[in-house]
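What follows is a short report on a single structure.
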Amino acid sequence: MTRAAIAARALSAGYGGRAVVEGLDIALPERRVTALCGPNGCGKSTLLRTLAGLQAALGGHVEVAGKPLGSYRRRDLARTLAMLSQFNEVPAGLTVRELVAYGRFAYAKWLRGPTREDTAAVDEALVATGLEEYGARDLAALSGGERQRAWIAMALAQGAPIVLLDEPTTYLDIRHQLEVLGQLRRLNRERGLTIVWVLHDLNQAAAFSDEIVLMRAGRIVAQGAPDAIMQPAYLEAAFDVPMLRLEHPQTGVPLCVPAHAAARAEMAV
């Protein structure tokens, strides 16, 4: 049986004392890729931030790598779990390499410069995200997609075995979306990284994830392998939209399309 990298019991989370997620039980398997999916406002990002310790839970219990979240010191947690938020401010005058090097803060010691391990981790993260030629460039001069890849590289440089990403394909065109998702999936397979990402595109979630957690209104509608979750009944329960299930003609991976859109397209032919 696969062990949980992150688990929560009776978890309630939200803002200003108002619960967005309430009484939720979840276990996210280690060394696998899990997608959190659901309509806007269903609690995906709130759940992710609470599991990462970026905001306090309103109730319940969270464990990371088998230990209570509250028992971690900040540096120890950073060596165990990396989190990339959806929106990130661009620091003025910073190069790509300097940003990625911030991912090594958990290993820094007082008055000591970067070690060989730090340099190697930054180099590997730049290569993994296709930014090896961009290290000296000013971060502010990059396109939105390039900048997003630099933030992902910073999270990878952290060297944590668990990586949480809130909509990592934001600002990326379809080519770079597929590149980033494919690179992260490859790192999962090669390094055994546990990856949990919030994705809006259900078809990308099915193609690149081992599990999908389908949410609605702060609760879990269903959790399981893409083949089990990409079912019209589950998808309609989450999104309130009738769905059709198809299969990719080359890979057999399950796909979904809104039923009414499919009907209109058929009538137009």
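Every chain in the structure tokens takes a letter, A first, then B, and so on in the order presented; its residues are numbered from 1, and the ligands are numbered from 1 following the presented order.
Residues surrounding Ser143 of chain A within 12 Å are A:Val90, A:Tyr134, A:Arg137, A:Asp138, A:Leu139, A:Arg147, A:Gln148, A:Arg149, A:Ala150, A:Tyr171, A:Leu172, A:Asp173, A:His176 [only C-alpha atoms; sequence separation below 4 positions excluded].
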> Where does DSSP see alpha helix (DSSP H) in segment 72-170 of chain A, if you list the residues as a VMD selection string?
Replying inline: chain A and resid 74 to 80 96 to 101 116 to 128 144 to 157
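Among the candidates A:Asp25, A:Asn40, A:Gly182, A:Ala140, the residue lying nearest to Pro91 of chain A is A:Ala140 (atoms considered: only C-alpha atoms).
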> Skipping near chain neighbours, those fewer than 4 positions away, what residues fall within 12 Å of Glu247 of chain A using only C-alpha atoms, listed as a VMD selection string?
Replying inline: chain A and resid 203 206 to 207 226 to 227 230 to 231 251 to 257
Please tabulate, as CSV, the residues of segment 27-78 of chain A that come within 8 Å of segment 99-119 of chain A, each with its closest pair of atoms and the distance in Å to one decimal, counting only C-alpha atoms and ordering rows by chain, then residue number upward.
```
residue,atom,partner,partner_atom,distance
A:Arg75,CA,A:Ala106,CA,5.0
A:Asp76,CA,A:Ala106,CA,7.5
A:Ala78,CA,A:Ala106,CA,6.0
```
Given the selection you just returned, output its residues as a file containing C-alpha atoms, formatted as a PDB file, in the first residue's frame.
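part_3.pdb was written with the following content:
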```pdb
ATOM      1  CA  ARG A  75      13.875  25.148   7.619  1.00  0.00           C
ATOM      2  CA  ASP A  76      13.067  21.482   8.198  1.00  0.00           C
ATOM      3  CA  ALA A  78      11.354  23.678   3.571  1.00  0.00           C
TER       4      ALA A  78
END
```
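Going from atom CA of Lys67 of chain A to atom CA of Gly159 of chain A covers 18.8 Å.
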> Neighbours of Gly43 of chain A within 6 Å (only C-alpha atoms; same-chain residues fewer than 4 positions away dropped), as a PyMOL selection string?
Replying inline: chain A and resi 20-21+47+218
